[in-house]
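Since the structure comes first, as structure tokens, the remarks are kept for the end.
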Amino acid sequence: MPATWPCPGPAGIADELAVVFDSARQVRLLIVPPLFEEMNRTRRMLIETQRRLDALGVDSMLPDLPGCNESLQAFSAQSLRSWRDAMAAAAGHFAATHVLAIRGGALVFPTRLPGWVLEPVKGTSILRQLLRARILSAKEAGREENSAELLELGRNQGLELAGYRLSAALVAGLDASLPEDEGQRVIRQAELGGSALWLSSEPGEDPEQSAALARIIAGEAAA
Amino acid sequence: MTLTDQTDTDLRSLLNDVLGLGPARTAALTADSGLFGALPELDSMAVANLLTEIEDRFGVVIEDDEVDGDMLGTFGDLLAFISAKRVGA
């Protein structure tokens with residue numbers, strides 16, 4: 001079910017969307033999605049996980065990061081800090097009791113909540129991959145670019161990478177950030193079985209993986 | 001199983017994960033199977049993704065200037081590239 005929530009932004013409070021399964025139950029899970037393309041690749045899997053959690057008696061909310069998915073805020077205005085502020089605001093608005101952060105979501109989730117991180121990834125790894133994609137497209141177009149120079153430019157002026165206009169703050173943030181899990185349980189792909197859906201360039205879904213993830217969360221939240 | 005056989009198996013599974021080829025297309029890959037320029041799934045974002053996974057799973061580092069059509073031309077080229085990297089690692 002779509003719901004809106006008030007999200008802090010540079011132009012004041014903006015309404016952002018979230019997919020919500022809310023029956024005012026005891027366990028309320030905030031799901032912090034991955035960043036960039038991995039968000040799109042995992043969306044179906046995460047919403048299916050929400051359906052399974054609903055059946056297991058767990059409420060869940062999957063908010064948009066500002067500037068991503070349905071958000072009307074500018075992507076180029078975002079930084080890790082703005083995403084952290086947004087996810088903290090969503091956690092408060094929805095009265096989340098637990099959190100699940102996926103991949104790059106582990107860089108921006110509210111660390112005060114107990115919960116899980118699924119295959120957390122370093123900011124530098126995300127940035128390196130985006131830089132690589134840009135260097136490869138430039139090469140195909142007959143231009144030579146290199147990561148050190150692009151990174152320097154990006155940290156000063158921002159940079160367009162793989163179709164995303166990254167602010168200087170976002171480039172600098174990614175270049176320095178590590179997953180922030182402290183006491184949240186790390187879930188590895190092997191526990192879900194199958195191949196990781198965020199890897200595949202063709203978006204897919206795997207109800208078995210969603211079911212496995214929902215079982216882990218519902219089981220451990222009750223323990 | 002030798003190192004090369006294991007690398008072959010691991011690389012097939014990695015290509016399947018990154019490109020979503022499915023078990024039949026993955027098993028049918030031979031040394032001459034074309035990759036870059038032959039598989040529509042393999043655009044620049046997918047190549048970047050593929051290289052990162054190769055680095056993670058095989059414990060090697062790939063420099064930007066090593067990435068070209070020769071290295072990614074066929075399944076055999078990529079396998080030879082990774083095997084040479086692992087010997088040097």
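Each chain in the structure tokens gets a letter, A, B, ..., in the order shown, and its residues are numbered from 1; ligands are numbered from 1 in order too.
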
Residues of chain B near chain A: apply a cut-off of 7 Å, count only C-alpha atoms, and supply the list as a list in words. Asp17, Val18, Leu19, Gly20, Glu41, Ser44, Met45, Ala46, Ala48, Asn49 and Thr52 of chain B

If we count only C-alpha atoms, what is near A:Glu205 at a cut-off of 10 Å, once residues fewer than 2 positions away on the same chain are taken out, given as number ranges by chain? A: 41-46, 48, 196-197, 202-203, 207-210

How would you write, as number ranges by chain, the set of residues in stretch 2-220 of chain A that DSSP gives as alpha helix (DSSP H)? A: 37-55, 80-93, 123-140, 147-157, 168-176, 189-192, 207-220

Nearest candidate to B:Asp32 (options B:Ala80, B:Ser13, B:Thr74, B:Gly88; using only C-alpha atoms): B:Thr74

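Computed from the coordinates, the atom CA of A:Ile102 to atom CA of A:Gly219 distance equals 18.4 Å.
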
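Across B:Thr26, B:Asp77, B:Thr2, B:Leu15, the tightest approach to B:Leu51 is made by B:Leu15 when counting only C-alpha atoms.
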
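Atom CA of A:Leu72 sits 26.0 Å away from atom CA of A:Arg28.
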
Residues at most 12 Å from B:Ile82, counting only C-alpha atoms, excluding those fewer than 6 positions away in the same chain, as a PyMOL selection string? chain B and resi 3-4+6-8+10-11+51+53-55+57-62+66-67+71-72+75-76+88-89

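Relative to atom CA of B:Glu63, atom CA of A:Val171 is found at 20.6 Å.
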
Taking the chain letters and numbering used in this document, name the residues of stretch 22-132 of chain A that DSSP puts in strand (DSSP E or B), as a PyMOL selection string. chain A and resi 28-32+59-63+98-102+115-118

Produce a file of the selected residues containing all heavy atoms, as a short mmCIF file (atom, residue, chain, number, x, y, z; two decimals), in the first residue's frame.
data_model
loop_
_atom_site.label_atom_id
_atom_site.label_comp_id
_atom_site.auth_asym_id
_atom_site.auth_seq_id
_atom_site.Cartn_x
_atom_site.Cartn_y
_atom_site.Cartn_z
N ARG A 28 7.66 -3.57 13.72
CA ARG A 28 7.48 -2.65 12.58
C ARG A 28 8.84 -2.41 11.95
O ARG A 28 9.70 -1.76 12.52
CB ARG A 28 6.85 -1.34 13.07
CG ARG A 28 5.47 -1.57 13.68
CD ARG A 28 4.91 -0.32 14.35
NE ARG A 28 4.73 0.79 13.43
CZ ARG A 28 3.71 0.91 12.57
NH1 ARG A 28 2.79 -0.04 12.51
NH2 ARG A 28 3.61 1.96 11.78
N LEU A 29 9.01 -2.96 10.76
CA LEU A 29 10.32 -2.99 10.11
C LEU A 29 10.46 -1.88 9.07
O LEU A 29 9.70 -1.82 8.10
CB LEU A 29 10.50 -4.35 9.42
CG LEU A 29 11.84 -4.56 8.72
CD1 LEU A 29 12.94 -4.82 9.76
CD2 LEU A 29 11.76 -5.73 7.73
N LEU A 30 11.47 -1.04 9.26
CA LEU A 30 11.83 -0.04 8.23
C LEU A 30 12.83 -0.70 7.28
O LEU A 30 13.85 -1.23 7.72
CB LEU A 30 12.48 1.18 8.88
CG LEU A 30 12.94 2.25 7.88
CD1 LEU A 30 11.75 3.09 7.41
CD2 LEU A 30 14.01 3.16 8.50
N ILE A 31 12.52 -0.67 5.99
CA ILE A 31 13.44 -1.26 5.00
C ILE A 31 14.16 -0.13 4.27
O ILE A 31 13.52 0.71 3.64
CB ILE A 31 12.68 -2.15 4.00
CG1 ILE A 31 11.92 -3.25 4.75
CG2 ILE A 31 13.65 -2.77 2.99
CD1 ILE A 31 11.11 -4.17 3.85
N VAL A 32 15.49 -0.10 4.38
CA VAL A 32 16.28 0.93 3.71
C VAL A 32 16.88 0.31 2.45
O VAL A 32 17.68 -0.62 2.52
CB VAL A 32 17.38 1.48 4.64
CG1 VAL A 32 18.21 2.55 3.93
CG2 VAL A 32 16.75 2.05 5.90
N ASP A 59 4.77 -5.82 10.43
CA ASP A 59 4.52 -4.62 9.63
C ASP A 59 5.83 -4.18 8.97
O ASP A 59 6.91 -4.38 9.55
CB ASP A 59 4.05 -3.47 10.53
CG ASP A 59 2.59 -3.63 10.95
OD1 ASP A 59 1.93 -4.55 10.43
OD2 ASP A 59 2.14 -2.84 11.80
N SER A 60 5.73 -3.58 7.79
CA SER A 60 6.96 -3.09 7.17
C SER A 60 6.69 -1.85 6.33
O SER A 60 5.57 -1.64 5.86
CB SER A 60 7.60 -4.18 6.30
OG SER A 60 6.75 -4.50 5.23
N MET A 61 7.72 -1.03 6.18
CA MET A 61 7.65 0.19 5.38
C MET A 61 8.91 0.29 4.54
O MET A 61 10.02 0.18 5.06
CB MET A 61 7.59 1.44 6.27
CG MET A 61 6.60 1.40 7.38
SD MET A 61 7.38 0.71 8.86
CE MET A 61 5.89 0.22 9.73
N LEU A 62 8.71 0.51 3.25
CA LEU A 62 9.84 0.68 2.33
C LEU A 62 9.77 2.09 1.74
O LEU A 62 9.07 2.33 0.77
CB LEU A 62 9.76 -0.38 1.22
CG LEU A 62 10.71 -0.25 0.03
CD1 LEU A 62 12.17 -0.32 0.46
CD2 LEU A 62 10.42 -1.34 -1.01
N PRO A 63 10.46 3.06 2.37
CA PRO A 63 10.39 4.45 1.88
C PRO A 63 11.32 4.66 0.68
O PRO A 63 12.32 3.96 0.53
CB PRO A 63 10.88 5.27 3.08
CG PRO A 63 11.74 4.34 3.86
CD PRO A 63 11.29 2.93 3.57
N HIS A 98 12.30 -1.92 14.17
CA HIS A 98 13.44 -2.66 13.65
C HIS A 98 13.80 -2.08 12.28
O HIS A 98 12.99 -1.40 11.66
CB HIS A 98 13.12 -4.14 13.49
CG HIS A 98 12.91 -4.86 14.78
ND1 HIS A 98 11.78 -4.69 15.55
CD2 HIS A 98 13.68 -5.77 15.44
CE1 HIS A 98 11.87 -5.45 16.65
NE2 HIS A 98 13.02 -6.13 16.60
N VAL A 99 15.00 -2.42 11.81
CA VAL A 99 15.43 -1.95 10.50
C VAL A 99 16.07 -3.09 9.71
O VAL A 99 16.71 -3.98 10.29
CB VAL A 99 16.40 -0.75 10.65
CG1 VAL A 99 17.71 -1.17 11.29
CG2 VAL A 99 16.67 -0.08 9.30
N LEU A 100 15.85 -3.07 8.39
CA LEU A 100 16.58 -3.95 7.47
C LEU A 100 17.21 -3.03 6.42
O LEU A 100 16.50 -2.33 5.71
CB LEU A 100 15.63 -4.94 6.78
CG LEU A 100 16.21 -5.67 5.56
CD1 LEU A 100 17.33 -6.62 5.95
CD2 LEU A 100 15.10 -6.45 4.81
N ALA A 101 18.55 -3.02 6.36
CA ALA A 101 19.24 -2.22 5.35
C ALA A 101 19.86 -3.16 4.34
O ALA A 101 20.44 -4.18 4.71
CB ALA A 101 20.32 -1.35 6.00
N ILE A 102 19.71 -2.82 3.06
CA ILE A 102 20.23 -3.69 2.02
C ILE A 102 21.39 -2.99 1.30
O ILE A 102 21.26 -1.83 0.88
CB ILE A 102 19.12 -4.05 0.99
CG1 ILE A 102 18.02 -4.86 1.68
CG2 ILE A 102 19.68 -4.91 -0.15
CD1 ILE A 102 16.87 -4.03 2.09
N GLY A 115 18.25 -4.71 14.27
CA GLY A 115 17.79 -5.31 13.01
C GLY A 115 18.88 -6.01 12.24
O GLY A 115 19.77 -6.64 12.82
N TRP A 116 18.82 -5.85 10.90
CA TRP A 116 19.63 -6.66 10.00
C TRP A 116 20.18 -5.81 8.86
O TRP A 116 19.55 -4.86 8.42
CB TRP A 116 18.76 -7.76 9.38
CG TRP A 116 18.05 -8.59 10.39
CD1 TRP A 116 18.47 -9.81 10.87
CD2 TRP A 116 16.84 -8.29 11.09
NE1 TRP A 116 17.58 -10.27 11.81
CE2 TRP A 116 16.57 -9.36 11.98
CE3 TRP A 116 15.95 -7.21 11.08
CZ2 TRP A 116 15.46 -9.39 12.82
CZ3 TRP A 116 14.84 -7.23 11.92
CH2 TRP A 116 14.60 -8.31 12.76
N VAL A 117 21.36 -6.20 8.38
CA VAL A 117 21.88 -5.62 7.15
C VAL A 117 22.18 -6.77 6.18
O VAL A 117 22.81 -7.75 6.57
CB VAL A 117 23.14 -4.74 7.37
CG1 VAL A 117 22.80 -3.47 8.13
CG2 VAL A 117 24.22 -5.50 8.12
N LEU A 118 21.68 -6.64 4.96
CA LEU A 118 21.87 -7.70 3.97
C LEU A 118 23.04 -7.33 3.06
O LEU A 118 22.99 -6.31 2.37
CB LEU A 118 20.58 -7.87 3.16
CG LEU A 118 20.62 -8.85 1.98
CD1 LEU A 118 21.01 -10.25 2.41
CD2 LEU A 118 19.25 -8.89 1.28
#

Quick one: residues within 8 Å of A:Met1, only C-alpha atoms, excluding same-chain residues fewer than 3 positions away - as a list in words? Val19, Val20 and Phe21 of chain A

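The closest residue to A:Ala89, picked from A:Cys7, A:Val27, A:Ala212, A:Ile187 and counting only C-alpha atoms, is A:Cys7.
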